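Content type CSV, C-alpha atoms, from the file structure.csv:
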```
chain,number,residue,atom,x,y,z
Y,1,MET,CA,99.2,111.4,126.8
Y,2,ILE,CA,102.9,110.7,127.0
Y,3,GLU,CA,103.8,107.0,126.3
Y,4,ILE,CA,107.4,105.8,127.0
Y,5,ARG,CA,108.2,102.3,126.1
Y,6,ASP,CA,111.4,100.4,127.1
Y,7,LEU,CA,113.4,103.6,126.8
Y,8,LYS,CA,117.2,103.2,126.9
Y,9,LYS,CA,119.9,105.7,126.5
Y,10,THR,CA,123.6,104.9,126.7
Y,11,PHE,CA,126.8,107.1,126.5
Y,12,GLY,CA,129.6,104.8,125.6
Y,13,THR,CA,129.4,101.9,128.1
Y,14,HIS,CA,127.3,104.0,130.6
Y,15,MET,CA,123.6,103.1,130.7
Y,16,ALA,CA,122.0,106.5,131.7
Y,17,VAL,CA,118.4,105.3,131.1
Y,18,ASP,CA,117.8,101.6,131.5
Y,19,GLY,CA,114.5,100.2,129.9
Y,20,ILE,CA,112.0,102.7,131.3
Y,21,SER,CA,108.3,102.3,130.5
Y,22,LEU,CA,105.6,104.6,131.8
Y,23,SER,CA,102.5,106.6,130.8
Y,24,ILE,CA,101.8,110.1,131.9
Y,25,LYS,CA,98.2,111.2,131.8
Y,26,LYS,CA,97.1,114.2,129.9
Y,27,GLY,CA,96.4,117.2,132.1
Y,28,SER,CA,98.4,115.8,135.1
Y,29,VAL,CA,101.5,117.0,136.9
Y,30,PHE,CA,104.1,114.3,137.0
Y,31,GLY,CA,107.2,114.6,139.1
Y,32,ILE,CA,110.5,112.7,138.3
Y,33,LEU,CA,112.5,112.1,141.5
Y,34,GLY,CA,115.9,110.6,142.0
Y,35,PRO,CA,119.4,111.3,143.4
Y,36,ASN,CA,122.1,113.0,141.3
Y,37,GLY,CA,123.1,110.8,138.4
Y,38,ALA,CA,119.8,108.9,138.4
Y,39,GLY,CA,119.0,109.7,134.8
Y,40,LYS,CA,116.3,112.4,135.3
Y,41,THR,CA,117.7,115.0,133.0
Y,42,THR,CA,118.8,112.5,130.3
Y,43,MET,CA,115.3,111.0,130.2
Y,44,MET,CA,113.7,114.5,130.0
Y,45,LYS,CA,115.9,115.5,127.1
Y,46,VAL,CA,115.0,112.3,125.2
Y,47,ILE,CA,111.3,112.9,125.9
Y,48,VAL,CA,111.4,116.4,124.4
Y,49,GLY,CA,113.4,115.4,121.4
Y,50,LEU,CA,116.7,117.1,122.3
Y,51,ASP,CA,118.4,113.7,122.3
Y,52,ARG,CA,117.6,110.4,120.6
Y,53,PRO,CA,117.1,107.2,122.4
Y,54,THR,CA,119.5,104.3,122.0
Y,55,SER,CA,116.4,102.1,121.8
Y,56,GLY,CA,112.8,102.2,122.8
Y,57,SER,CA,110.2,104.9,122.0
Y,58,VAL,CA,108.6,108.1,123.2
Y,59,ARG,CA,105.2,109.2,121.9
Y,60,ILE,CA,103.4,112.5,122.8
Y,61,ASP,CA,99.8,112.4,121.6
Y,62,GLY,CA,100.9,109.4,119.4
Y,63,ARG,CA,103.7,111.4,117.7
Y,64,ASP,CA,107.5,111.3,117.8
Y,65,PRO,CA,109.0,114.2,119.7
Y,66,ALA,CA,111.2,115.0,116.6
Y,67,VAL,CA,108.1,115.9,114.5
Y,68,ARG,CA,107.6,119.6,114.2
Y,69,GLN,CA,103.9,119.4,115.1
Y,70,THR,CA,104.9,117.8,118.4
Y,71,ARG,CA,107.6,120.3,119.2
Y,72,GLU,CA,105.2,123.2,118.6
Y,73,SER,CA,103.1,121.8,121.5
Y,74,ILE,CA,106.1,121.5,123.9
Y,75,GLY,CA,107.6,123.9,126.3
Y,76,PHE,CA,111.0,123.1,127.9
Y,77,MET,CA,112.9,124.7,130.7
Y,78,PRO,CA,116.4,123.2,131.1
Y,79,GLU,CA,118.2,122.8,134.4
Y,80,SER,CA,120.9,125.3,133.4
Y,81,PRO,CA,119.3,127.7,130.9
Y,82,SER,CA,121.5,129.7,128.6
Y,83,PHE,CA,120.7,133.1,127.2
Y,84,TYR,CA,122.0,135.8,124.8
Y,85,ASP,CA,123.3,137.9,127.6
Y,86,HIS,CA,123.5,141.1,125.6
Y,87,LEU,CA,119.7,141.0,124.9
Y,88,THR,CA,117.2,142.4,127.3
Y,89,GLY,CA,114.6,140.1,128.9
Y,90,LEU,CA,111.9,141.4,126.6
Y,91,GLU,CA,114.1,141.0,123.5
Y,92,PHE,CA,115.0,137.4,124.4
Y,93,LEU,CA,111.4,136.5,125.1
Y,94,THR,CA,110.2,138.0,121.8
Y,95,PHE,CA,112.9,136.1,120.0
Y,96,CYS,CA,111.8,132.9,121.6
Y,97,GLY,CA,108.2,133.5,120.6
Y,98,SER,CA,109.3,134.2,117.0
Y,99,LEU,CA,110.7,130.7,116.6
Y,100,PHE,CA,107.3,129.1,116.6
Y,101,HIS,CA,105.2,128.7,113.4
Y,102,THR,CA,102.0,129.4,115.3
Y,103,GLN,CA,100.8,132.9,115.4
Y,104,ALA,CA,103.3,135.1,117.3
Y,105,MET,CA,102.3,136.8,120.5
Y,106,LYS,CA,101.5,140.5,120.4
Y,107,HIS,CA,103.8,143.0,122.2
Y,108,HIS,CA,101.5,143.5,125.2
Y,109,GLU,CA,101.3,139.7,125.6
Y,110,TYR,CA,105.0,139.5,126.1
Y,111,LEU,CA,104.8,142.2,128.6
Y,112,ASP,CA,102.0,140.4,130.4
Y,113,LEU,CA,104.0,137.2,130.5
Y,114,LEU,CA,107.0,139.1,132.1
Y,115,LYS,CA,104.6,140.5,134.7
Y,116,ARG,CA,103.3,137.0,135.4
Y,117,VAL,CA,106.7,135.6,136.2
Y,118,GLY,CA,107.7,138.7,138.2
Y,119,ILE,CA,110.5,140.3,136.1
Y,120,PHE,CA,108.5,143.1,134.3
Y,121,GLU,CA,110.6,145.8,135.9
Y,122,ALA,CA,113.7,144.3,134.4
Y,123,LYS,CA,112.3,143.9,130.9
Y,124,ASP,CA,114.7,146.5,129.4
Y,125,ALA,CA,117.8,145.5,131.3
Y,126,PRO,CA,120.5,143.2,129.7
Y,127,ILE,CA,120.2,139.6,130.9
Y,128,CYS,CA,123.9,139.8,132.0
Y,129,THR,CA,122.7,141.9,134.9
Y,130,TYR,CA,120.0,139.4,136.0
Y,131,SER,CA,120.4,137.4,139.2
Y,132,LYS,CA,120.1,133.6,139.2
Y,133,GLY,CA,116.5,133.9,140.4
Y,134,MET,CA,115.6,136.4,137.6
Y,135,ARG,CA,117.2,134.0,135.1
Y,136,GLN,CA,115.1,131.2,136.4
Y,137,ARG,CA,112.0,133.3,136.0
Y,138,LEU,CA,113.0,134.3,132.4
Y,139,ALA,CA,113.7,130.6,131.6
Y,140,PHE,CA,110.2,129.7,132.9
Y,141,ALA,CA,108.7,132.5,130.7
Y,142,GLN,CA,110.3,131.2,127.6
Y,143,ALA,CA,109.1,127.7,128.3
Y,144,ILE,CA,105.5,128.8,128.2
Y,145,VAL,CA,105.8,131.5,125.5
Y,146,ASN,CA,104.1,129.2,123.0
Y,147,ASP,CA,101.2,128.3,125.4
Y,148,PRO,CA,102.3,124.6,125.3
Y,149,ALA,CA,100.1,121.7,125.8
Y,150,TYR,CA,103.0,119.8,127.4
Y,151,LEU,CA,105.4,121.6,129.7
Y,152,PHE,CA,108.7,120.0,130.8
Y,153,LEU,CA,110.6,121.7,133.6
Y,154,ASP,CA,114.1,120.5,134.9
Y,155,GLU,CA,114.6,121.8,138.4
Y,156,PRO,CA,112.3,124.8,137.8
Y,157,LEU,CA,112.4,126.2,141.4
Y,158,ASP,CA,116.2,126.0,141.9
Y,159,GLY,CA,117.7,129.3,142.9
Y,160,LEU,CA,114.5,131.0,143.7
Y,161,ASP,CA,113.7,132.7,147.0
Y,162,PRO,CA,110.5,131.6,148.9
Y,163,ILE,CA,108.4,134.3,147.2
Y,164,GLY,CA,109.6,133.3,143.8
Y,165,ARG,CA,109.0,129.6,144.5
Y,166,ARG,CA,105.5,130.3,145.7
Y,167,GLU,CA,104.7,132.5,142.6
Y,168,LEU,CA,106.0,129.9,140.1
Y,169,LYS,CA,104.2,127.1,141.9
Y,170,SER,CA,101.0,129.1,141.6
Y,171,ILE,CA,101.6,129.4,137.8
Y,172,ILE,CA,102.2,125.7,137.5
Y,173,THR,CA,98.9,125.0,139.3
Y,174,ALA,CA,97.1,127.5,137.1
Y,175,LEU,CA,98.5,125.9,134.0
Y,176,GLN,CA,97.3,122.4,135.1
Y,177,LYS,CA,93.8,123.8,135.7
Y,178,LYS,CA,93.6,124.9,132.1
Y,179,GLY,CA,94.7,121.5,130.9
Y,180,THR,CA,98.5,121.7,130.5
Y,181,THR,CA,100.3,118.4,131.1
Y,182,ILE,CA,103.4,119.2,133.2
Y,183,VAL,CA,106.4,117.0,133.9
Y,184,PHE,CA,109.2,118.3,136.1
Y,185,ASN,CA,112.4,117.0,137.8
Y,186,SER,CA,113.1,118.1,141.3
Y,187,HIS,CA,115.2,117.4,144.4
Y,188,ILE,CA,112.8,119.3,146.6
Y,189,LEU,CA,110.4,116.6,147.8
Y,190,PHE,CA,108.0,119.0,149.6
Y,191,ASP,CA,107.3,120.8,146.3
Y,192,THR,CA,106.8,117.5,144.5
Y,193,GLU,CA,104.3,116.3,147.1
Y,194,GLU,CA,102.5,119.6,147.0
Y,195,LEU,CA,102.2,119.9,143.2
Y,196,CYS,CA,102.2,116.4,141.7
Y,197,ASP,CA,99.4,113.9,141.0
Y,198,GLU,CA,101.9,111.1,140.3
Y,199,ILE,CA,105.6,110.6,140.6
Y,200,GLY,CA,108.3,108.4,139.0
Y,201,ILE,CA,111.4,107.5,141.0
Y,202,LEU,CA,114.6,106.8,139.2
Y,203,HIS,CA,117.8,105.2,140.5
Y,204,HIS,CA,120.8,104.3,138.4
Y,205,GLY,CA,118.7,104.8,135.3
Y,206,SER,CA,116.0,102.4,136.3
Y,207,LEU,CA,112.4,103.2,137.2
Y,208,LEU,CA,111.7,102.0,140.8
Y,209,TYR,CA,108.2,103.3,141.1
Y,210,SER,CA,105.6,105.1,139.0
Y,211,GLY,CA,102.1,106.1,140.3
Y,212,PRO,CA,100.3,108.2,142.8
Y,213,ILE,CA,102.3,109.7,145.7
Y,214,GLU,CA,99.8,108.2,148.2
Y,215,ALA,CA,100.4,104.7,147.0
Y,216,PHE,CA,104.2,105.1,147.3
Y,217,THR,CA,104.2,106.7,150.8
Y,218,LYS,CA,101.5,104.6,152.3
Y,219,GLY,CA,101.0,107.1,155.1
Y,220,GLN,CA,104.7,108.0,155.5
Y,221,PRO,CA,106.0,111.5,154.6
Y,222,LEU,CA,107.4,111.4,151.0
Y,223,GLU,CA,110.9,112.4,152.1
Y,224,GLU,CA,111.1,109.7,154.7
Y,225,ARG,CA,109.8,107.0,152.3
Y,226,PHE,CA,112.0,108.2,149.4
Y,227,VAL,CA,115.2,108.3,151.4
Y,228,SER,CA,114.6,104.9,152.9
Y,229,VAL,CA,114.1,103.3,149.5
Y,230,ILE,CA,117.2,104.9,147.9
Y,231,GLN,CA,119.4,104.1,150.9
Y,232,HIS,CA,118.2,100.5,150.8
Y,233,LEU,CA,119.1,100.1,147.1
Y,234,SER,CA,122.5,102.0,147.2
```
Please rewrite the model in this file as structure tokens.
Amino acid sequence: MIEIRDLKKTFGTHMAVDGISLSIKKGSVFGILGPNGAGKTTMMKVIVGLDRPTSGSVRIDGRDPAVRQTRESIGFMPESPSFYDHLTGLEFLTFCGSLFHTQAMKHHEYLDLLKRVGIFEAKDAPICTYSKGMRQRLAFAQAIVNDPAYLFLDEPLDGLDPIGRRELKSIITALQKKGTTIVFNSHILFDTEELCDEIGILHHGSLLYSGPIEAFTKGQPLEERFVSVIQHLS
């Protein structure tokens, strides 16, 4: 379980995350929604331990994200992933796998993972030749290279064509079925409604709602309800 208590993050005088408290159930898919600048990415970076909170706490299975044991159990895909462009896709994925203290994957397992995300044919090509969609697929692969118990995805479907979106959504669904807890940020409300058990809605760093999608929409489409709430508060 992920427990967030009175989480605050400031940058100078700017309050990016303002006193957020929520619980994310183990084995669930939780979507974080909000307009640009709402604090989604900042909150995710604090949850995974890439940034420290100004105040408040985050606990994953009762442990601080900064603890090595916690980080070994986390997979993270950033919104704008960076790569060593001179490496091939296979070399990059192998390098990422070698960073974990757990037993490294075997060569054929890296190949299987590249097949799973749909870029096996480009495994020996330099990443500098990859399209945006191929880079998204590679970023997703590195996020699950350690078979994480907790997977954090920041705009994972951005830049993908319809086939790629369907394929990655299928992987997300399969990961949840095996017990992975998944948290992702998205601007695409249809995908959120299709994949998520629960959602959290941020606006100006504050949590407006946290809970089941059905309870938030109350019969309305998610997009209609979400837009009306944000417009009312803006």
Exercise for the section: Can you work out which one of Y:Arg71, Y:Leu151, Y:Ile119, Y:Gly219 has the shortest atom-to-atom distance to Leu175 in chain Y, counting all atoms listed in the file? Expected result: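 Of Y:Arg71, Y:Leu151, Y:Ile119, Y:Gly219, the one nearest Leu175 in chain Y, counting all atoms listed in the file, is Y:Leu151.
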Exercise for the section: Identify, on the basis of only C-alpha atoms, every residue whose closest approach to Leu113 in chain Y does not exceed 12 Å; exclude the query and any residue fewer than 6 positions from it along the same chain; express the result as a ChimeraX atom specification. Expected result: /Y:89-90,93-94,97,105-107,119-120,123,137-147,171
Exercise for the section: Could you pull out every residue with an atom within 12 Å of (114.6, 114.0, 128.9), file coordinates, counting only C-alpha atoms, and send them as a ChimeraX atom specification? Expected result: /Y:4,7-9,16-17,20,32,38-53,58,65,76-79,151-154,183-185,205
Handout entry: One-decimal distance in Å that lies between CA of Gly12 in chain Y and CA of Pro156 in chain Y
Key =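 Separation between CA of Pro156 in chain Y and CA of Gly12 in chain Y: 29.1 Å.
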Handout entry: Pairwise distance for CA of Glu91 in chain Y and CA of Met134 in chain Y, rounded to one decimal in Å
Key = 14.9 Å
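Here CA of Phe100 in chain Y is placed at a distance of 28.0 Å from CA of Arg165 in chain Y.
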Problem - Non-local contacts of Ser206 in chain Y (6 Å; only C-alpha atoms; under 3 positions in same chain excluded) as a ChimeraX atom specification - result: /Y:18,202-203
Problem - Which residue of Y:Glu72, Y:Asp124, Y:Arg5, Y:Ile163 approaches Leu99 in chain Y most closely, using all atoms listed in the file - result: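 Once distances to Leu99 in chain Y are computed over all atoms listed in the file, the minimum belongs to Y:Glu72.
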Practice task
Kindly extract all protein, DNA and RNA residues lying within 12 Å of the coordinates (105.5, 126.9, 141.2) given in the file, considering only C-alpha atoms, and supply them as a VMD selection string.
Solution key: chain Y and resid 29 116 to 117 136 to 137 140 153 155 to 158 160 to 176 182 184 186 188 190 to 192 194 to 196
Practice task
Measuring atom to atom with only C-alpha atoms, identify which of Y:Ser73, Y:Asn36, Y:Thr88, Y:Gln231 is nearest to Ala122 in chain Y.
Solution key: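 For Ala122 in chain Y, the nearest of the candidates is Y:Thr88.
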Practice task
Rank nothing, just name the residue among Y:Gly19, Y:Ser28, Y:Phe11, Y:Glu223 nearest to Asp197 in chain Y, using only C-alpha atoms.
Solution key: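 For Asp197 in chain Y, the nearest of the candidates is Y:Ser28.
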Exercise for the section: Considering all atoms listed in the file, state which residue in the set Y:Ile24, Y:Ala149, Y:Leu114, Y:Ile127 is at the smallest distance from Gly75 in chain Y. Expected result: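 Of Y:Ile24, Y:Ala149, Y:Leu114, Y:Ile127, the one nearest Gly75 in chain Y is Y:Ala149, counting all atoms listed in the file.
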Exercise for the section: Could you check which of Y:Thr129, Y:Ser55, Y:Ser23, Y:Thr180 is closest to Tyr84 in chain Y, using all atoms listed in the file? Expected result: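 Counting all atoms listed in the file, the residue closest to Tyr84 in chain Y is Y:Thr129.
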